[in-house]
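Here is the structure we will look at, set down as structure tokens.
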Amino acid sequence: MSNTPKTLFEKVWEQHVVAEPKGEPTLLYIDLQLVHEVTSPQAFEGLRLAGRKVRRPDRTIATIDHNVPTTIEGRLNIVDQISAKQISTLRQNCKDFGVELYDIDSREQGIVHVIGPELGITKPGMTIVCGDSHTSTHGAFGALAFGIGTSEVEHVLATQTLPQSKPKTFRIAVEGKLPQGVTAKDIILAIIGKIGTDGATGYVIEYAGSAIRSLSMEGRMTVCNMSIEAGARGGMIAPDETTFAYLEGRRFSPKGEAWERAVEEWKKLPTDPGAKYDRELVIDAATLAPYVSWGTSPGMVAPVTASVPDPAAAPNELDRKSFERALEYMDLKAGTPLAEVAIDRVFIGSCTNGRIEDLRAAAKIAAGHKVSSRVHAMVVPGSQQVKAQAIEEGLDKVFKEAGFDWREPGCSMCLGMNPDILSPGERCASTSNRNFEGRQGRGGRTHLVSPEMAAAAAIAGHFVDIRNWEVREEVTA
Amino acid sequence: MEPFKTLTSLAMPLDRTNVDTDQIIPKQFLKRIERTGYGDFLFFDWRQTQEGKPVADFVINDPRYKGAQILVAGKNFGCGSSREHAAWALSDYGFRVVIAPTFADIFFSNAGKNGIVLARLTEGEVETLLQNAQKIPGYKLTVSLEEQTVKDDRGFSAKFDIDPFRKFCLLEGLDDIGLTLRHAAELDRFEQQHEAATWLRAK
Ligand code: SF4
């Protein structure tokens with residue numbers, strides 16, 4: 001090993017190089033693959049056809065999250081026969097290939113990117129893949145984690161490796177103290193707004209700076225989760241005491257002496273002083289505000305105090321057309337203050353903001369208030385464990401008393417592959433990650449916000465500046 | 001995977017930027033467990049109304065472009081979800097080439113796995129192609145992977161970059177797992193030594 005200073009990304013990358021054939025991509029070893037029902041059936045079928053096995057069932061974990069209904073009755077009897085078939089196909093595949101499955105009725109079930117960390121399966125320094133673009137979430141632990149397509153899922157199942165060309169590195173430092181009411185979600189929305197939805201294509205982002213360091217693991221996961229929305233291959237944050245405190249004692253975290261040894265190794269991961277990045281950006285935390293997306297791409301965001309911008313401001317013809325199309329789809333007029341935009345639905349959940357801390361934050365806003373009579377608001381915990389913890393803390397009661405619909409865990413209205421969808425024309429304040437046309441249901445209009453902003457919007461019936469919110473009751477565990 | 005050498009075909013102009021995979025193939029079609037049969041659902045929400053009527057002014061429904069195997073689009077094509085169904089839908093519909101200024105990473109590799117050539121041209125070149133395809137009846141392009149060029153028969157000619165290995169795989173139509181298994185011995189050796197890193201075990 002040379003003494004050249006290395007970045008976190010380079011260290012993880014180098015520890016996983018199996019082969020570097022001349023003129024070909026690097027063959028990278030994969031420590032963990034997470035599998036779910038939607039992007040895996042064709043991969044298992046490919047293995048079967050070629051007579052191949054899963055090389056490392058112990059490095060493969062499956063759950064059911066994308067399709068599952070979020071009501072108890074709905075789960076017991078899945079009406080959508082095609083969803084039911086996809087779910088039973090995963091069950092059969094896991095059985096045939098010896099892969100552990102956290103099934104709908106298990107205590108571990110939940111969104112892949114929520115359960116990996118909470119079970120202590122996700123670890124610093126790992127390479128992690130999943131047939132889902134938000135795999136970048138796990139980068140919050142200092143893992144190199146990225147989404148892959150189904151052919152690649154099959155490739156990893158068969159070989160536990162993936163040919164990869166080395167991405168470039170992009171350091172984004174958020175420095176200073178976050179203003180009150182500004183959350184991890186706002187940090188990442190601001191970054192995407194600034195660099196654009198293809199601003200980090202070809203790069204792995206490393207988030208650094210004092211504002212990032214001060215975030216909890218949940219907050220860090222929210223930031224890394226949406227790296228893909230800036231086009232990045234992945235997002236990473238160096239492991240530190242916050243990371244270790246989160247992982248210690250979790251089900252699959254190392255124990256005893258092995259734990260000590262692990263922490264010692266993980267402490268070697270942070271970027272060495274003097275290491276070079278291909279690109280750098282510094283953001284002053286004090287300039288950030290609570291954001292609301294106004295268009296049909298996650299880069300189309302503005303502070304809640306701003307108005308819907310004018311397409312005339314677009315830099316070129318093609319952008320202006322997309323911009324106009326977005327406003328038409330969203331049924332918004334340039335110049336309308338965002339705080340005057342009325343909503344019909346609220347979705348609190350997803351792998352971006354469906355963790356316990358997100359539910360606590362939303363409950364704090366909701367306590368003692370009532371959901372507006374014209375709004376249907378839903379809270380969908382990211383996993384069974386999040387749900388159990390929320391119930392233990394009484395958050396479910398706070399939500400129900402305020403008039404929120406309290407649901408069973410899954411991806412739900414993040415992508416609406418289950419029965420939870422927007423009707424055409426409905427407008428939703430959502431804590432998820434994508435506001436694409438039709439993402440939450442055909443003709444549905446999605447505005448991305450933080451859990452706090454979503455809860456407040458549910459109560460007011462329109463967007464409000466969370467910085468002026470009246471917290472009525474303390475929620476205590 | 002079908003090898004790709006050169007292709008001359010009608011070019012279909014899709015003058016939109018950030019065409020995401022949710023638009024290329026909406027979620028309701030991801031529930032199938034097969035790899036084929038997605039072509040009819042390509043750009044589903046753009047090509048039909050809620051009532052199931054074809055949207056007349058959407059380019060896929062324009063008879064002028066029937067049979068086009070080359071798609072020209074704005075920047076950041078294929079962003080969003082990792083669904084390979086997007087590549088399956090494009091290829092099932094008949095597209096072998098997409099030309100755009102930039103492509104999202106995951107889509108880029110999914111397309112390659114399905115024999116679709118992605119040609120990155122400059123924004124100016126793409127703008128020219130979009131306009132030509134909109135204005136000139138029967139506008140055809142020739143894409144040569146060997147030469148890495150996009151040409152028409154009126155003097156337009158542009159080169160695109162492609163990673164040499166990806167080019168080789170597309171030219172030969174090679175299966176990735178087979179290629180990786182050439183390194184089986186190195187993999188066994190690596191894996192054995194990697195097991196010592198207990199802090200990187202999943203369970
Ligand atoms: S919550 Fe949404 S983004 Fe996350 S894994 Fe599920 S569908 Fe994908």
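Residues in the structure tokens are numbered from 1 in each chain, the chains being A, B, ... in the order shown, and ligands are numbered from 1 in the order shown.
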- Near-Gly67 in chain B list (9 Å; only C-alpha atoms; drop same-chain fewer than 5 positions) as a PyMOL selection string: chain B and resi 9-10+94-95
Quick one: residues within 7 Å of Pro25 in chain A, only C-alpha atoms counted, chain neighbours fewer than 4 positions away excluded, as a PDB file with all heavy atoms, in the first residue's frame?
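Here's the written file out.pdb:
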```pdb
ATOM      1  N   GLU A  20      -8.298  -6.553 -11.938  1.00  0.00           N
ATOM      2  CA  GLU A  20      -8.307  -5.341 -12.763  1.00  0.00           C
ATOM      3  C   GLU A  20      -7.818  -5.691 -14.151  1.00  0.00           C
ATOM      4  O   GLU A  20      -6.714  -5.322 -14.547  1.00  0.00           O
ATOM      5  CB  GLU A  20      -7.413  -4.262 -12.134  1.00  0.00           C
ATOM      6  CG  GLU A  20      -8.082  -3.577 -10.968  1.00  0.00           C
ATOM      7  CD  GLU A  20      -7.230  -2.506 -10.322  1.00  0.00           C
ATOM      8  OE1 GLU A  20      -6.057  -2.802 -10.000  1.00  0.00           O
ATOM      9  OE2 GLU A  20      -7.732  -1.384 -10.159  1.00  0.00           O
ATOM     10  N   PRO A 163     -18.666  -6.051 -12.384  1.00  0.00           N
ATOM     11  CA  PRO A 163     -17.689  -5.242 -13.121  1.00  0.00           C
ATOM     12  C   PRO A 163     -18.123  -3.782 -13.036  1.00  0.00           C
ATOM     13  O   PRO A 163     -19.273  -3.469 -13.330  1.00  0.00           O
ATOM     14  CB  PRO A 163     -17.804  -5.750 -14.568  1.00  0.00           C
ATOM     15  CG  PRO A 163     -18.799  -6.865 -14.550  1.00  0.00           C
ATOM     16  CD  PRO A 163     -19.559  -6.801 -13.283  1.00  0.00           C
ATOM     17  N   GLN A 164     -17.231  -2.935 -12.616  1.00  0.00           N
ATOM     18  CA  GLN A 164     -17.571  -1.519 -12.412  1.00  0.00           C
ATOM     19  C   GLN A 164     -16.440  -0.635 -12.892  1.00  0.00           C
ATOM     20  O   GLN A 164     -15.274  -0.904 -12.574  1.00  0.00           O
ATOM     21  CB  GLN A 164     -17.747  -1.235 -10.914  1.00  0.00           C
ATOM     22  CG  GLN A 164     -19.048  -1.711 -10.342  1.00  0.00           C
ATOM     23  CD  GLN A 164     -20.207  -0.859 -10.790  1.00  0.00           C
ATOM     24  OE1 GLN A 164     -20.263   0.342 -10.555  1.00  0.00           O
ATOM     25  NE2 GLN A 164     -21.156  -1.481 -11.482  1.00  0.00           N
ATOM     26  N   SER A 165     -16.781   0.424 -13.622  1.00  0.00           N
ATOM     27  CA  SER A 165     -15.712   1.386 -13.885  1.00  0.00           C
ATOM     28  C   SER A 165     -15.699   2.360 -12.719  1.00  0.00           C
ATOM     29  O   SER A 165     -16.740   2.673 -12.140  1.00  0.00           O
ATOM     30  CB  SER A 165     -15.875   2.076 -15.222  1.00  0.00           C
ATOM     31  OG  SER A 165     -17.223   2.134 -15.566  1.00  0.00           O
TER      32      SER A 165
END
```
- Task: Rank nothing, just name the residue among A:Arg320, A:Arg251, A:Lys267, A:Arg442 nearest to Phe44 in chain B, using only C-alpha atoms.
- Result: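 Looking at the shortest contact to Phe44 in chain B, the residue is A:Arg442.
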Residues of chain B within 7 Å of chain A, only C-alpha atoms counted, as a PDB file with N, CA and C atoms, in the first residue's frame:
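The file below, iface_8.pdb, is the result:
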```
ATOM      1  N   ARG B  16     -37.699  16.152 -24.950  1.00  0.00           N
ATOM      2  CA  ARG B  16     -37.892  16.379 -23.517  1.00  0.00           C
ATOM      3  C   ARG B  16     -36.586  16.082 -22.796  1.00  0.00           C
ATOM      4  N   THR B  17     -36.342  16.814 -21.708  1.00  0.00           N
ATOM      5  CA  THR B  17     -35.148  16.552 -20.900  1.00  0.00           C
ATOM      6  C   THR B  17     -35.571  15.724 -19.685  1.00  0.00           C
ATOM      7  N   ASP B  22     -39.563   6.212 -14.715  1.00  0.00           N
ATOM      8  CA  ASP B  22     -40.988   6.093 -14.371  1.00  0.00           C
ATOM      9  C   ASP B  22     -41.843   6.424 -15.602  1.00  0.00           C
ATOM     10  N   LYS B  27     -44.863   2.234 -13.259  1.00  0.00           N
ATOM     11  CA  LYS B  27     -44.796   1.179 -12.236  1.00  0.00           C
ATOM     12  C   LYS B  27     -45.775   0.027 -12.399  1.00  0.00           C
ATOM     13  N   GLN B  28     -46.968   0.308 -12.952  1.00  0.00           N
ATOM     14  CA  GLN B  28     -47.953  -0.781 -12.989  1.00  0.00           C
ATOM     15  C   GLN B  28     -47.487  -1.942 -13.850  1.00  0.00           C
ATOM     16  N   LEU B  30     -44.353  -3.087 -13.712  1.00  0.00           N
ATOM     17  CA  LEU B  30     -43.178  -3.716 -13.100  1.00  0.00           C
ATOM     18  C   LEU B  30     -43.555  -4.967 -12.340  1.00  0.00           C
ATOM     19  N   LYS B  31     -44.835  -5.284 -12.322  1.00  0.00           N
ATOM     20  CA  LYS B  31     -45.261  -6.414 -11.506  1.00  0.00           C
ATOM     21  C   LYS B  31     -45.115  -7.733 -12.224  1.00  0.00           C
ATOM     22  N   ARG B  32     -44.797  -7.676 -13.505  1.00  0.00           N
ATOM     23  CA  ARG B  32     -44.677  -8.902 -14.262  1.00  0.00           C
ATOM     24  C   ARG B  32     -43.359  -9.578 -13.891  1.00  0.00           C
ATOM     25  N   ILE B  33     -43.304 -10.883 -14.070  1.00  0.00           N
ATOM     26  CA  ILE B  33     -42.088 -11.581 -13.688  1.00  0.00           C
ATOM     27  C   ILE B  33     -41.284 -12.025 -14.911  1.00  0.00           C
ATOM     28  N   GLU B  34     -41.703 -11.554 -16.100  1.00  0.00           N
ATOM     29  CA  GLU B  34     -40.975 -11.905 -17.320  1.00  0.00           C
ATOM     30  C   GLU B  34     -40.062 -10.751 -17.740  1.00  0.00           C
ATOM     31  N   ARG B  35     -39.203 -11.047 -18.724  1.00  0.00           N
ATOM     32  CA  ARG B  35     -38.297 -10.052 -19.244  1.00  0.00           C
ATOM     33  C   ARG B  35     -38.806  -9.424 -20.542  1.00  0.00           C
ATOM     34  N   ASN B  76     -29.923  13.981 -19.615  1.00  0.00           N
ATOM     35  CA  ASN B  76     -30.246  13.191 -18.414  1.00  0.00           C
ATOM     36  C   ASN B  76     -31.310  12.141 -18.703  1.00  0.00           C
ATOM     37  N   GLY B  80     -33.631   8.518 -12.514  1.00  0.00           N
ATOM     38  CA  GLY B  80     -34.628   7.956 -11.611  1.00  0.00           C
ATOM     39  C   GLY B  80     -34.374   6.502 -11.271  1.00  0.00           C
ATOM     40  N   SER B  81     -35.459   5.772 -11.207  1.00  0.00           N
ATOM     41  CA  SER B  81     -35.454   4.395 -10.724  1.00  0.00           C
ATOM     42  C   SER B  81     -34.498   3.492 -11.503  1.00  0.00           C
ATOM     43  N   SER B  82     -33.996   2.449 -10.822  1.00  0.00           N
ATOM     44  CA  SER B  82     -33.020   1.538 -11.428  1.00  0.00           C
ATOM     45  C   SER B  82     -33.666   0.486 -12.320  1.00  0.00           C
ATOM     46  N   ARG B  83     -34.973   0.508 -12.439  1.00  0.00           N
ATOM     47  CA  ARG B  83     -35.703  -0.555 -13.146  1.00  0.00           C
ATOM     48  C   ARG B  83     -35.113  -0.856 -14.531  1.00  0.00           C
ATOM     49  N   GLU B  84     -34.669  -2.085 -14.715  1.00  0.00           N
ATOM     50  CA  GLU B  84     -34.146  -2.493 -16.019  1.00  0.00           C
ATOM     51  C   GLU B  84     -35.292  -2.624 -17.014  1.00  0.00           C
ATOM     52  N   ALA B 104     -28.365   8.916 -17.418  1.00  0.00           N
ATOM     53  CA  ALA B 104     -28.154   8.587 -16.009  1.00  0.00           C
ATOM     54  C   ALA B 104     -27.368   7.273 -15.925  1.00  0.00           C
ATOM     55  N   ASP B 105     -26.569   7.161 -14.866  1.00  0.00           N
ATOM     56  CA  ASP B 105     -25.616   6.039 -14.740  1.00  0.00           C
ATOM     57  C   ASP B 105     -26.233   4.635 -14.773  1.00  0.00           C
ATOM     58  N   ILE B 106     -27.248   4.406 -13.942  1.00  0.00           N
ATOM     59  CA  ILE B 106     -27.776   3.037 -13.834  1.00  0.00           C
ATOM     60  C   ILE B 106     -28.438   2.647 -15.146  1.00  0.00           C
ATOM     61  N   ASN B 110     -27.778  -0.563 -17.606  1.00  0.00           N
ATOM     62  CA  ASN B 110     -28.893  -1.444 -17.979  1.00  0.00           C
ATOM     63  C   ASN B 110     -29.052  -1.523 -19.500  1.00  0.00           C
ATOM     64  N   LYS B 113     -26.507  -3.801 -21.064  1.00  0.00           N
ATOM     65  CA  LYS B 113     -26.787  -5.222 -20.826  1.00  0.00           C
ATOM     66  C   LYS B 113     -27.851  -5.750 -21.790  1.00  0.00           C
ATOM     67  N   PHE B 165     -14.294  -1.327 -23.561  1.00  0.00           N
ATOM     68  CA  PHE B 165     -14.777  -2.641 -23.151  1.00  0.00           C
ATOM     69  C   PHE B 165     -16.271  -2.796 -23.428  1.00  0.00           C
ATOM     70  N   ILE B 177     -21.874 -12.483 -17.114  1.00  0.00           N
ATOM     71  CA  ILE B 177     -21.513 -13.476 -16.088  1.00  0.00           C
ATOM     72  C   ILE B 177     -20.424 -14.377 -16.642  1.00  0.00           C
ATOM     73  N   GLU B 186      -9.133 -16.045  -9.442  1.00  0.00           N
ATOM     74  CA  GLU B 186      -8.840 -14.826  -8.676  1.00  0.00           C
ATOM     75  C   GLU B 186      -9.940 -14.566  -7.662  1.00  0.00           C
ATOM     76  N   LEU B 187     -11.180 -14.807  -8.061  1.00  0.00           N
ATOM     77  CA  LEU B 187     -12.318 -14.580  -7.175  1.00  0.00           C
ATOM     78  C   LEU B 187     -12.226 -15.497  -5.952  1.00  0.00           C
ATOM     79  N   PHE B 190      -9.462 -14.183  -3.733  1.00  0.00           N
ATOM     80  CA  PHE B 190      -9.856 -12.936  -3.076  1.00  0.00           C
ATOM     81  C   PHE B 190     -10.843 -13.215  -1.953  1.00  0.00           C
ATOM     82  N   TRP B 199     -15.477  -7.754  10.027  1.00  0.00           N
ATOM     83  CA  TRP B 199     -16.287  -6.542  10.193  1.00  0.00           C
ATOM     84  C   TRP B 199     -17.019  -6.165   8.911  1.00  0.00           C
ATOM     85  N   LEU B 200     -16.796  -6.931   7.854  1.00  0.00           N
ATOM     86  CA  LEU B 200     -17.519  -6.675   6.601  1.00  0.00           C
ATOM     87  C   LEU B 200     -18.493  -7.808   6.284  1.00  0.00           C
ATOM     88  N   ARG B 201     -18.733  -8.669   7.264  1.00  0.00           N
ATOM     89  CA  ARG B 201     -19.717  -9.736   7.036  1.00  0.00           C
ATOM     90  C   ARG B 201     -21.118  -9.181   7.182  1.00  0.00           C
ATOM     91  N   ALA B 202     -22.039  -9.736   6.407  1.00  0.00           N
ATOM     92  CA  ALA B 202     -23.420  -9.264   6.475  1.00  0.00           C
ATOM     93  C   ALA B 202     -24.061  -9.690   7.795  1.00  0.00           C
ATOM     94  N   LYS B 203     -23.813 -10.960   8.161  1.00  0.00           N
ATOM     95  CA  LYS B 203     -24.488 -11.487   9.360  1.00  0.00           C
ATOM     96  C   LYS B 203     -23.494 -12.156  10.292  1.00  0.00           C
TER      97      LYS B 203
END
```
- Item | All residues 10 Å or closer to Ala306 in chain A, only C-alpha atoms, same chain fewer than 2 positions away omitted, as a list in words | Tyr291, Val292, Val301, Ala302, Pro303, Val304, Val308, Pro309, Gly335, Thr336, Pro337, Leu338 and Ala339 of chain A
Just want the 10 Å neighbourhood of Glu123 in chain B, counted on only C-alpha atoms, with same-chain residues fewer than 5 positions away dropped. Output as a PDB file with C-alpha atoms, in the first residue's frame.
```pdb
ATOM      1  CA  LEU A 318     -35.346  22.611 -24.181  1.00  0.00           C
TER       2      LEU A 318
ATOM      3  CA  ALA B  73     -33.877  12.882 -26.580  1.00  0.00           C
ATOM      4  CA  GLY B  74     -32.821  15.692 -24.225  1.00  0.00           C
ATOM      5  CA  LYS B  75     -30.257  15.531 -21.453  1.00  0.00           C
ATOM      6  CA  ALA B 100     -28.870  12.263 -25.948  1.00  0.00           C
ATOM      7  CA  PRO B 101     -26.426  14.758 -24.405  1.00  0.00           C
ATOM      8  CA  THR B 102     -26.235  12.788 -21.130  1.00  0.00           C
ATOM      9  CA  THR B 128     -29.923  19.698 -34.645  1.00  0.00           C
ATOM     10  CA  LEU B 129     -30.999  16.060 -34.798  1.00  0.00           C
TER      11      LEU B 129
END
```
- Contacts of Arg154 in chain B at 12 Å or less, counting only C-alpha atoms, minus same-chain residues fewer than 3 places along, as a ChimeraX atom specification? /B:129,132,136,139-142,150-151,157
Backbone-only DSSP, strand (DSSP E) members of range 83-325 of chain A, as a compact mmCIF listing (two decimals) with N, CA, C and O atoms, in the first residue's frame:
```
# COMPACT_ATOMS: atom_id res chain seq x y z
N GLU A 100 -32.23 -15.92 2.87
CA GLU A 100 -33.11 -15.55 3.99
C GLU A 100 -34.08 -14.45 3.56
O GLU A 100 -33.69 -13.45 2.98
N LEU A 101 -35.36 -14.68 3.88
CA LEU A 101 -36.40 -13.72 3.49
C LEU A 101 -37.13 -13.19 4.72
O LEU A 101 -37.59 -13.96 5.56
N TYR A 102 -37.20 -11.86 4.84
CA TYR A 102 -38.03 -11.27 5.88
C TYR A 102 -39.40 -11.02 5.26
O TYR A 102 -39.63 -10.02 4.59
N THR A 127 -19.26 -2.97 0.57
CA THR A 127 -19.87 -2.68 -0.72
C THR A 127 -21.26 -3.31 -0.68
O THR A 127 -21.42 -4.48 -0.32
N ILE A 128 -22.27 -2.51 -1.02
CA ILE A 128 -23.66 -2.96 -0.92
C ILE A 128 -24.40 -2.63 -2.22
O ILE A 128 -24.27 -1.52 -2.73
N VAL A 129 -25.14 -3.59 -2.73
CA VAL A 129 -25.96 -3.30 -3.91
C VAL A 129 -27.38 -3.80 -3.69
O VAL A 129 -27.64 -4.65 -2.82
N CYS A 130 -28.29 -3.27 -4.48
CA CYS A 130 -29.68 -3.70 -4.45
C CYS A 130 -30.31 -3.24 -5.75
O CYS A 130 -29.91 -2.20 -6.29
N LEU A 144 -19.94 1.76 0.46
CA LEU A 144 -20.11 2.13 -0.95
C LEU A 144 -21.34 1.37 -1.43
O LEU A 144 -21.29 0.15 -1.60
N ALA A 145 -22.44 2.08 -1.58
CA ALA A 145 -23.72 1.40 -1.82
C ALA A 145 -24.39 2.03 -3.03
O ALA A 145 -24.50 3.24 -3.12
N PHE A 146 -24.80 1.19 -3.97
CA PHE A 146 -25.42 1.75 -5.17
C PHE A 146 -26.48 0.82 -5.75
O PHE A 146 -26.45 -0.39 -5.55
N GLY A 147 -27.39 1.42 -6.49
CA GLY A 147 -28.48 0.69 -7.12
C GLY A 147 -28.02 0.05 -8.41
O GLY A 147 -27.13 0.56 -9.09
N THR A 161 -19.80 -10.56 -7.38
CA THR A 161 -18.96 -9.47 -7.89
C THR A 161 -19.75 -8.67 -8.91
O THR A 161 -20.81 -9.10 -9.37
N LEU A 162 -19.18 -7.54 -9.28
CA LEU A 162 -19.78 -6.70 -10.31
C LEU A 162 -18.67 -5.98 -11.05
O LEU A 162 -17.80 -5.39 -10.43
N PRO A 163 -18.67 -6.05 -12.38
CA PRO A 163 -17.69 -5.24 -13.12
C PRO A 163 -18.12 -3.78 -13.04
O PRO A 163 -19.27 -3.47 -13.33
N GLN A 164 -17.23 -2.94 -12.62
CA GLN A 164 -17.57 -1.52 -12.41
C GLN A 164 -16.44 -0.63 -12.89
O GLN A 164 -15.27 -0.90 -12.57
N LYS A 168 -15.87 8.95 -10.31
CA LYS A 168 -15.07 10.06 -9.80
C LYS A 168 -15.61 10.47 -8.42
O LYS A 168 -16.69 10.05 -8.03
N THR A 169 -14.83 11.29 -7.72
CA THR A 169 -15.25 11.67 -6.36
C THR A 169 -15.63 13.14 -6.29
O THR A 169 -15.02 13.99 -6.94
N PHE A 170 -16.62 13.41 -5.50
CA PHE A 170 -17.21 14.75 -5.39
C PHE A 170 -17.47 15.00 -3.90
O PHE A 170 -18.27 14.30 -3.30
N ARG A 171 -16.73 15.96 -3.32
CA ARG A 171 -16.94 16.26 -1.91
C ARG A 171 -17.89 17.44 -1.78
O ARG A 171 -17.64 18.50 -2.35
N ILE A 172 -18.98 17.23 -1.05
CA ILE A 172 -19.88 18.34 -0.78
C ILE A 172 -19.87 18.58 0.72
O ILE A 172 -20.28 17.72 1.50
N ALA A 173 -19.35 19.73 1.11
CA ALA A 173 -19.28 20.05 2.53
C ALA A 173 -20.39 21.03 2.88
O ALA A 173 -20.56 22.05 2.20
N VAL A 174 -21.16 20.70 3.90
CA VAL A 174 -22.17 21.63 4.40
C VAL A 174 -21.66 22.10 5.75
O VAL A 174 -21.56 21.33 6.70
N GLU A 175 -21.28 23.36 5.80
CA GLU A 175 -20.60 23.88 6.98
C GLU A 175 -21.51 24.81 7.79
O GLU A 175 -22.29 25.57 7.21
N TYR A 203 -20.24 10.46 -10.54
CA TYR A 203 -19.51 10.68 -9.29
C TYR A 203 -20.11 9.88 -8.14
O TYR A 203 -21.29 9.55 -8.14
N VAL A 204 -19.26 9.63 -7.14
CA VAL A 204 -19.75 9.25 -5.82
C VAL A 204 -19.55 10.49 -4.96
O VAL A 204 -18.45 11.07 -4.93
N ILE A 205 -20.62 10.91 -4.29
CA ILE A 205 -20.52 12.11 -3.45
C ILE A 205 -20.05 11.70 -2.05
O ILE A 205 -20.51 10.69 -1.51
N GLU A 206 -19.13 12.46 -1.47
CA GLU A 206 -18.90 12.32 -0.04
C GLU A 206 -19.41 13.59 0.62
O GLU A 206 -18.98 14.69 0.30
N TYR A 207 -20.39 13.41 1.54
CA TYR A 207 -20.92 14.54 2.26
C TYR A 207 -20.08 14.76 3.50
O TYR A 207 -19.79 13.80 4.24
N ALA A 208 -19.67 15.99 3.72
CA ALA A 208 -18.83 16.29 4.87
C ALA A 208 -19.22 17.64 5.43
O ALA A 208 -20.22 18.23 5.01
N GLY A 234 -23.43 7.10 -5.93
CA GLY A 234 -23.67 6.83 -4.51
C GLY A 234 -23.36 8.07 -3.70
O GLY A 234 -22.85 9.06 -4.24
N GLY A 235 -23.69 8.01 -2.41
CA GLY A 235 -23.35 9.09 -1.49
C GLY A 235 -22.76 8.45 -0.26
O GLY A 235 -23.21 7.38 0.15
N MET A 236 -21.72 9.05 0.30
CA MET A 236 -21.07 8.43 1.47
C MET A 236 -20.82 9.48 2.54
O MET A 236 -20.63 10.65 2.25
N ARG A 279 -13.91 16.84 -7.57
CA ARG A 279 -14.71 18.05 -7.54
C ARG A 279 -15.09 18.37 -6.11
O ARG A 279 -15.25 17.45 -5.30
N GLU A 280 -15.24 19.65 -5.79
CA GLU A 280 -15.64 20.02 -4.42
C GLU A 280 -16.64 21.16 -4.44
O GLU A 280 -16.63 21.98 -5.35
N LEU A 281 -17.49 21.16 -3.43
CA LEU A 281 -18.49 22.22 -3.30
C LEU A 281 -18.71 22.46 -1.81
O LEU A 281 -18.78 21.51 -1.03
N VAL A 282 -18.76 23.73 -1.42
CA VAL A 282 -19.03 24.04 -0.02
C VAL A 282 -20.34 24.81 0.05
O VAL A 282 -20.59 25.71 -0.75
N ILE A 283 -21.19 24.40 1.00
CA ILE A 283 -22.48 25.08 1.17
C ILE A 283 -22.55 25.60 2.60
O ILE A 283 -22.17 24.90 3.54
N ASP A 284 -23.01 26.82 2.73
CA ASP A 284 -23.15 27.43 4.05
C ASP A 284 -24.52 27.06 4.61
O ASP A 284 -25.55 27.46 4.06
N TYR A 291 -37.57 23.58 2.22
CA TYR A 291 -37.87 23.62 0.79
C TYR A 291 -39.15 22.86 0.43
O TYR A 291 -39.56 21.95 1.15
N VAL A 292 -39.71 23.24 -0.72
CA VAL A 292 -40.86 22.54 -1.29
C VAL A 292 -40.54 22.36 -2.77
O VAL A 292 -40.08 23.31 -3.42
N SER A 293 -40.74 21.17 -3.33
CA SER A 293 -40.55 21.04 -4.77
C SER A 293 -41.81 21.51 -5.45
O SER A 293 -42.91 21.29 -4.97
N VAL A 301 -36.95 22.84 -6.96
CA VAL A 301 -37.31 23.14 -5.57
C VAL A 301 -37.13 24.62 -5.27
O VAL A 301 -36.36 25.30 -5.95
N ALA A 302 -37.84 25.09 -4.26
CA ALA A 302 -37.69 26.48 -3.83
C ALA A 302 -38.00 26.57 -2.34
O ALA A 302 -38.72 25.72 -1.81
N PRO A 303 -37.46 27.58 -1.66
CA PRO A 303 -37.81 27.75 -0.24
C PRO A 303 -39.31 27.97 -0.10
O PRO A 303 -39.93 28.56 -1.01
```
- Message: I need the residue nearest ligand 1 from this list: A:Ser214, A:Thr271, A:Ser307, A:Thr137. Use only C-alpha atoms and all ligand atoms for the distance.
- Response: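 Among A:Ser214, A:Thr271, A:Ser307, A:Thr137, it is A:Thr137 that comes nearest to ligand 1.
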- Task: Write out as a VMD selection string the residues lying within 9 Å of Val223 in chain A, counting only C-alpha atoms and excluding same-chain residues fewer than 6 positions away.
- Result: chain A and resid 137 140 184 to 189 207 212 235 352
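Considering the residues A:Val112, A:Met453, A:Ala313, A:Ala211 and counting only C-alpha atoms and all ligand atoms, ligand 1 has its shortest atom-to-atom contact with A:Val112.
Excluding Asp20 in chain B itself and any same-chain residue fewer than 6 positions from it, the protein and nucleic acid residues within 7 Å of it, counting only C-alpha atoms, are Phe77, Gly78, Cys79 and Gly80 of chain B.
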- So which one's closest to Val97 in chain B, B:Ile70, B:Ile60, B:Ile25, B:Ala185? Using only C-alpha atoms, please.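 So, comparing all the options, the nearest one is B:Ile70.
Of the residues listed (A:Gly461, A:Gly410, A:Pro451, A:Gly181), A:Gly410 shows the shortest atom-to-atom separation from ligand 1; distances use only C-alpha atoms and all ligand atoms.
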